[in-house]
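coords-v6.cif, holding mmCIF, C-alpha atoms:
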```cif
data_my_file
loop_
_atom_site.label_atom_id
_atom_site.label_comp_id
_atom_site.auth_asym_id
_atom_site.auth_seq_id
_atom_site.Cartn_x
_atom_site.Cartn_y
_atom_site.Cartn_z
CA MET A 791 3.86 -18.63 -37.45
CA ALA A 792 2.37 -17.24 -34.21
CA LYS A 793 0.29 -14.11 -34.18
CA LYS A 794 2.19 -11.06 -32.97
CA ASN A 795 -0.51 -9.88 -30.55
CA ALA A 796 -1.60 -13.31 -29.31
CA ALA A 797 -1.66 -13.53 -25.52
CA VAL A 798 0.95 -15.83 -24.07
CA GLN A 799 -0.56 -18.38 -21.70
CA ILE A 800 0.54 -18.07 -18.08
CA ASP A 801 1.40 -21.37 -16.40
CA ILE A 802 3.00 -20.62 -13.02
CA GLY A 803 1.05 -23.21 -11.04
CA ILE A 804 -1.82 -20.90 -10.05
CA ASN A 805 -5.05 -21.22 -12.01
CA ASP A 806 -6.54 -18.23 -13.84
CA LYS A 807 -9.39 -17.72 -11.37
CA ASP A 808 -7.04 -17.64 -8.36
CA ARG A 809 -4.52 -15.40 -10.12
CA LYS A 810 -7.27 -12.89 -10.90
CA LYS A 811 -8.67 -13.05 -7.35
CA ILE A 812 -5.23 -12.45 -5.85
CA ALA A 813 -4.51 -9.63 -8.32
CA GLU A 814 -7.83 -7.97 -7.41
CA GLY A 815 -6.82 -8.05 -3.75
CA LEU A 816 -3.36 -6.76 -4.58
CA SER A 817 -4.98 -3.95 -6.58
CA ARG A 818 -6.83 -2.87 -3.43
CA LEU A 819 -3.54 -3.09 -1.53
CA LEU A 820 -1.84 -1.00 -4.21
CA ALA A 821 -4.58 1.63 -4.01
CA ASP A 822 -4.38 1.76 -0.21
CA THR A 823 -0.59 1.96 -0.31
CA TYR A 824 -0.56 4.72 -2.92
CA THR A 825 -3.22 6.70 -1.08
CA LEU A 826 -1.25 6.39 2.17
CA TYR A 827 1.92 7.39 0.29
CA LEU A 828 0.21 10.53 -1.00
CA LYS A 829 -1.23 11.40 2.41
CA THR A 830 2.12 10.86 4.12
CA HIS A 831 3.93 12.98 1.53
CA ASN A 832 1.31 15.73 1.95
CA PHE A 833 1.81 15.70 5.72
CA HIS A 834 5.60 15.76 5.26
CA TRP A 835 5.28 18.97 3.24
CA ASN A 836 2.74 20.64 5.50
CA VAL A 837 3.49 19.64 9.09
CA THR A 838 4.13 22.52 11.52
CA GLY A 839 4.61 22.95 15.23
CA PRO A 840 7.09 21.99 17.94
CA MET A 841 7.58 18.48 16.53
CA PHE A 842 8.19 19.75 12.99
CA ASN A 843 11.70 18.37 12.48
CA THR A 844 10.92 14.97 14.03
CA LEU A 845 7.71 14.51 12.05
CA HIS A 846 9.09 15.98 8.81
CA LEU A 847 11.93 13.44 8.83
CA MET A 848 9.74 10.56 10.04
CA PHE A 849 7.14 11.18 7.34
CA GLU A 850 9.89 11.34 4.70
CA GLY A 851 11.16 7.92 5.72
CA GLN A 852 7.63 6.56 5.63
CA TYR A 853 6.67 7.92 2.22
CA THR A 854 9.98 6.73 0.77
CA GLU A 855 9.28 3.21 2.03
CA LEU A 856 5.72 3.38 0.64
CA ALA A 857 7.01 4.48 -2.79
CA LEU A 858 9.14 1.34 -2.99
CA ALA A 859 6.21 -0.79 -1.82
CA VAL A 860 3.93 0.57 -4.53
CA ASP A 861 6.35 -0.64 -7.18
CA ALA A 862 6.73 -4.11 -5.63
CA ILE A 863 2.96 -4.56 -5.35
CA ALA A 864 2.29 -3.38 -8.92
CA GLU A 865 5.01 -5.66 -10.27
CA ARG A 866 3.51 -8.64 -8.45
CA ILE A 867 0.12 -7.88 -10.02
CA ARG A 868 1.81 -7.84 -13.44
CA ALA A 869 3.64 -11.11 -12.70
CA LEU A 870 0.21 -12.65 -12.10
CA GLY A 871 -0.78 -11.56 -15.61
CA VAL A 872 -3.15 -8.73 -14.68
CA HIS A 873 -2.84 -5.03 -15.43
CA ALA A 874 -2.10 -2.94 -12.33
CA PRO A 875 -4.35 0.06 -11.64
CA GLY A 876 -2.43 3.28 -12.06
CA SER A 877 -4.71 6.31 -12.01
CA TYR A 878 -6.13 8.48 -9.25
CA LYS A 879 -9.58 7.47 -10.47
CA ASP A 880 -8.73 3.76 -10.08
CA PHE A 881 -7.12 4.28 -6.70
CA ALA A 882 -10.06 6.34 -5.42
CA LYS A 883 -12.45 3.51 -6.32
CA LEU A 884 -10.29 0.79 -4.77
CA SER A 885 -8.82 2.43 -1.65
CA SER A 886 -10.25 2.13 1.85
CA ILE A 887 -8.24 5.16 3.04
CA PRO A 888 -9.92 8.58 2.98
CA GLU A 889 -8.02 11.59 1.72
CA ALA A 890 -7.12 14.30 4.22
CA ASP A 891 -9.31 17.39 4.24
CA GLY A 892 -7.19 20.51 4.41
CA VAL A 893 -4.09 20.56 6.56
CA PRO A 894 -4.73 19.03 9.98
CA ALA A 895 -2.69 19.79 13.09
CA ALA A 896 0.39 17.61 13.63
CA GLU A 897 -1.28 15.33 16.19
CA GLU A 898 -4.22 14.76 13.85
CA MET A 899 -1.77 13.96 11.04
CA ILE A 900 -0.24 11.28 13.24
CA ARG A 901 -3.69 9.92 14.11
CA GLN A 902 -4.70 9.75 10.44
CA LEU A 903 -1.46 8.01 9.51
CA VAL A 904 -2.02 5.42 12.26
CA GLN A 905 -5.45 4.75 10.79
CA GLY A 906 -3.94 4.55 7.29
CA GLN A 907 -1.19 2.14 8.32
CA GLU A 908 -3.74 -0.06 10.07
CA ALA A 909 -6.05 0.02 7.03
CA VAL A 910 -3.24 -1.14 4.74
CA ALA A 911 -2.42 -3.94 7.21
CA ARG A 912 -6.07 -5.06 7.20
CA THR A 913 -6.14 -5.09 3.39
CA ALA A 914 -2.89 -7.09 3.24
CA ARG A 915 -4.22 -9.57 5.79
CA ASP A 916 -7.44 -9.95 3.76
CA VAL A 917 -5.51 -10.72 0.56
CA PHE A 918 -3.24 -13.18 2.38
CA ALA A 919 -6.03 -15.77 2.65
CA ALA A 920 -6.45 -15.94 -1.14
CA ALA A 921 -2.69 -16.13 -1.72
CA ASP A 922 -2.28 -18.85 0.89
CA ALA A 923 -5.18 -20.88 -0.48
CA ALA A 924 -3.68 -20.72 -3.99
CA ASN A 925 -0.22 -21.75 -2.75
CA ASP A 926 1.14 -18.39 -3.98
CA GLN A 927 4.29 -18.05 -1.89
CA PRO A 928 5.69 -14.92 -3.59
CA THR A 929 2.49 -12.98 -2.88
CA ALA A 930 2.30 -14.40 0.66
CA ASP A 931 5.91 -13.29 1.24
CA LEU A 932 5.18 -9.81 -0.09
CA LEU A 933 2.10 -9.55 2.12
CA THR A 934 4.01 -10.74 5.19
CA GLN A 935 6.64 -8.06 4.60
CA ARG A 936 3.94 -5.41 4.15
CA LEU A 937 2.17 -6.52 7.33
CA GLN A 938 5.38 -6.32 9.35
CA THR A 939 6.14 -2.84 8.04
CA HIS A 940 2.64 -1.40 8.50
CA GLU A 941 2.08 -2.89 11.94
CA LYS A 942 5.46 -1.59 13.16
CA THR A 943 4.90 1.86 11.65
CA ALA A 944 1.41 2.05 13.19
CA TRP A 945 2.88 1.14 16.58
CA MET A 946 5.58 3.81 16.30
CA LEU A 947 3.06 6.47 15.31
CA ARG A 948 0.63 5.41 18.07
CA SER A 949 3.47 5.73 20.57
CA MET A 950 3.70 9.42 19.72
CA LEU A 951 0.06 9.88 20.71
CA ALA A 952 0.35 8.20 24.13
#
```

Show me, as structure tokens, the structure contained in the file I just sent.
Amino acid sequence: MAKKNAAVQIDIGINDKDRKKIAEGLSRLLADTYTLYLKTHNFHWNVTGPMFNTLHLMFEGQYTELALAVDAIAERIRALGVHAPGSYKDFAKLSSIPEADGVPAAEEMIRQLVQGQEAVARTARDVFAAADAANDQPTADLLTQRLQTHEKTAWMLRSMLA
């Protein structure tokens, strides 16, 4: 009879060391994505000025997309057999994105969101190398989707600053 709490061995074709390395990278991506989600949602609530309606709606679309991404990233970490970080404390340690101080003007919100989108893209690109080396196609696919989304969103936001 097997022990009730015995860990079930994971054998998905990726060795333990690589799975943990990829999950560590995905944890940083999760923290960046969640931090950008929170910042975008904050800006959605607090934006003012002549571009209010445009930015309010744009930010809503962006934070909604980020909320879905957070779940997909966390679930991939779990599929690799690692616990996903899930607290503000964990995210603050892992994220490369600074929190917003106060309520910036609308143009500064856009600028900060460009920087945030680009930071998430850099993190995703960094993790891609480990996933590719380990022949981890599901993670590589997830990262490719995230890169496409963040690079496009950064471009759209940058276009508002030109």

**Request:** Find the distance between atom CA of Val917 of chain A and atom CA of His873 of chain A and write it in Å to one decimal.
**Result:** 17.2 Å

**Asked** Can you list, as number ranges by chain, every protein, DNA or RNA residue that comes within 10 Å of segment 867-869 of chain A when you count all atoms listed in the file, leaving out same-chain residues fewer than 6 positions away?
**Response** A: 800, 802, 809-810, 812-817, 820, 861, 875, 929

**Prompt:** Between A:Ala920, A:Val798, A:Leu951, A:Ile804, which has the minimum distance to Met899 of chain A (counting all atoms listed in the file)?
**Reply:** A:Leu951

**Asked** Selected by the PyMOL selection byres ((chain A and resi 846-851) around 7) in the shown coordinates: which residues, as a PyMOL selection string?
**Response** chain A and resi 830-831+834+837+842-845+852-855

Write to file, as a PDB file, in the frame of the given file, the residues of the selection just made, with C-alpha atoms.
```pdb
ATOM      1  CA  THR A 830       2.120  10.860   4.120  1.00  0.00           C
ATOM      2  CA  HIS A 831       3.930  12.980   1.530  1.00  0.00           C
ATOM      3  CA  HIS A 834       5.600  15.760   5.260  1.00  0.00           C
ATOM      4  CA  VAL A 837       3.490  19.640   9.090  1.00  0.00           C
ATOM      5  CA  PHE A 842       8.190  19.750  12.990  1.00  0.00           C
ATOM      6  CA  ASN A 843      11.700  18.370  12.480  1.00  0.00           C
ATOM      7  CA  THR A 844      10.920  14.970  14.030  1.00  0.00           C
ATOM      8  CA  LEU A 845       7.710  14.510  12.050  1.00  0.00           C
ATOM      9  CA  GLN A 852       7.630   6.560   5.630  1.00  0.00           C
ATOM     10  CA  TYR A 853       6.670   7.920   2.220  1.00  0.00           C
ATOM     11  CA  THR A 854       9.980   6.730   0.770  1.00  0.00           C
ATOM     12  CA  GLU A 855       9.280   3.210   2.030  1.00  0.00           C
TER      13      GLU A 855
END
```

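Counting from atom CA of Tyr827 of chain A, the distance to atom CA of Gln927 of chain A is 25.6 Å.
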
**Interatomic distance (Å, one decimal) between atom CA of Leu819 of chain A and atom CA of Ala896 of chain A** = 26.0 Å

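With distances restricted to all atoms listed in the file, A:Asp822 is the closest residue to Phe881 of chain A from A:Asp926, A:Asp822, A:Asp801, A:Asp808.
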
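Minimum distance to Gly803 of chain A across A:Gly876, A:Asp916, A:Ala909, A:Ala924 (counting all atoms listed in the file) occurs at A:Ala924.
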
**Request:** Report as a ChimeraX atom specification the residues that result from applying the PyMOL selection byres ((chain A and resi 943) around 12) to the structure here.
**Result:** /A:848-849,851-853,855-856,900,903-908,910-911,936-942,944-950

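Of the residues listed (A:Thr823, A:Gln799, A:Ser877, A:Asn805), A:Thr823 shows the shortest atom-to-atom separation from Val860 of chain A; distances use only C-alpha atoms.
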
**Residues matched by the PyMOL selection byres ((chain A and resi 884) around 6), written as a VMD selection string** = chain A and resid 818 821 881 to 883 885

How would segment 816-910 of chain A look written as a CSV table (one decimal), in the first residue's frame with C-alpha atoms?
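Written output follows (result26.csv):
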```csv
chain,number,residue,atom,x,y,z
A,816,LEU,CA,8.4,31.4,-14.8
A,817,SER,CA,8.0,32.5,-11.2
A,818,ARG,CA,9.8,35.7,-12.1
A,819,LEU,CA,7.5,36.1,-15.1
A,820,LEU,CA,4.5,35.5,-12.9
A,821,ALA,CA,5.7,38.2,-10.5
A,822,ASP,CA,6.3,40.7,-13.3
A,823,THR,CA,3.0,39.9,-14.9
A,824,TYR,CA,1.1,40.3,-11.6
A,825,THR,CA,2.9,43.5,-10.7
A,826,LEU,CA,2.1,44.9,-14.2
A,827,TYR,CA,-1.5,43.7,-13.8
A,828,LEU,CA,-1.8,45.6,-10.5
A,829,LYS,CA,-0.2,48.7,-11.9
A,830,THR,CA,-2.4,48.7,-15.0
A,831,HIS,CA,-5.5,48.2,-12.8
A,832,ASN,CA,-4.4,51.1,-10.6
A,833,PHE,CA,-4.0,53.3,-13.6
A,834,HIS,CA,-7.4,52.3,-15.0
A,835,TRP,CA,-9.0,53.4,-11.7
A,836,ASN,CA,-7.1,56.6,-11.4
A,837,VAL,CA,-6.4,58.0,-14.9
A,838,THR,CA,-7.8,61.6,-15.5
A,839,GLY,CA,-7.5,64.2,-18.2
A,840,PRO,CA,-8.6,64.6,-21.8
A,841,MET,CA,-7.7,61.0,-22.8
A,842,PHE,CA,-9.6,59.6,-19.9
A,843,ASN,CA,-12.1,57.5,-21.8
A,844,THR,CA,-9.5,56.1,-24.3
A,845,LEU,CA,-7.0,55.2,-21.5
A,846,HIS,CA,-9.6,53.9,-19.1
A,847,LEU,CA,-10.9,51.4,-21.7
A,848,MET,CA,-7.4,50.6,-23.0
A,849,PHE,CA,-6.1,49.9,-19.5
A,850,GLU,CA,-9.1,47.7,-18.8
A,851,GLY,CA,-8.4,45.6,-21.8
A,852,GLN,CA,-4.8,45.3,-20.8
A,853,TYR,CA,-5.4,44.3,-17.1
A,854,THR,CA,-8.0,41.8,-18.2
A,855,GLU,CA,-5.5,40.1,-20.6
A,856,LEU,CA,-2.9,40.2,-17.8
A,857,ALA,CA,-5.3,38.5,-15.3
A,858,LEU,CA,-5.7,35.6,-17.7
A,859,ALA,CA,-1.9,35.4,-18.3
A,860,VAL,CA,-1.2,35.2,-14.6
A,861,ASP,CA,-3.4,32.1,-14.4
A,862,ALA,CA,-1.7,30.4,-17.4
A,863,ILE,CA,1.8,31.1,-16.1
A,864,ALA,CA,1.0,29.8,-12.6
A,865,GLU,CA,-0.6,26.7,-14.0
A,866,ARG,CA,2.4,26.0,-16.1
A,867,ILE,CA,4.6,26.3,-13.0
A,868,ARG,CA,2.4,23.8,-11.3
A,869,ALA,CA,2.5,21.4,-14.3
A,870,LEU,CA,6.3,21.4,-13.9
A,871,GLY,CA,5.8,20.2,-10.3
A,872,VAL,CA,6.7,23.4,-8.5
A,873,HIS,CA,4.6,25.6,-6.2
A,874,ALA,CA,3.7,28.9,-7.8
A,875,PRO,CA,4.4,32.1,-5.8
A,876,GLY,CA,1.2,33.8,-4.8
A,877,SER,CA,1.8,36.5,-2.2
A,878,TYR,CA,2.7,40.2,-2.5
A,879,LYS,CA,5.8,39.4,-0.5
A,880,ASP,CA,6.9,36.8,-3.0
A,881,PHE,CA,6.0,39.0,-6.0
A,882,ALA,CA,7.9,41.9,-4.6
A,883,LYS,CA,11.1,39.8,-4.2
A,884,LEU,CA,10.8,38.3,-7.7
A,885,SER,CA,9.5,41.2,-9.8
A,886,SER,CA,11.7,43.5,-11.9
A,887,ILE,CA,8.9,46.1,-12.2
A,888,PRO,CA,8.7,48.9,-9.7
A,889,GLU,CA,5.4,49.9,-8.1
A,890,ALA,CA,4.0,53.3,-9.0
A,891,ASP,CA,4.4,56.1,-6.5
A,892,GLY,CA,1.2,58.0,-6.0
A,893,VAL,CA,-1.0,58.8,-9.0
A,894,PRO,CA,1.1,60.0,-12.0
A,895,ALA,CA,-0.3,62.1,-14.9
A,896,ALA,CA,-1.8,60.1,-17.8
A,897,GLU,CA,1.3,60.5,-20.0
A,898,GLU,CA,3.5,59.2,-17.2
A,899,MET,CA,1.1,56.3,-16.7
A,900,ILE,CA,1.6,55.4,-20.3
A,901,ARG,CA,5.3,55.7,-20.1
A,902,GLN,CA,5.4,53.4,-17.0
A,903,LEU,CA,3.2,50.8,-18.7
A,904,VAL,CA,5.5,50.8,-21.7
A,905,GLN,CA,8.4,50.1,-19.4
A,906,GLY,CA,6.4,47.4,-17.6
A,907,GLN,CA,5.4,45.7,-20.8
A,908,GLU,CA,9.0,45.8,-22.0
A,909,ALA,CA,10.3,44.4,-18.7
A,910,VAL,CA,7.8,41.4,-18.9
```
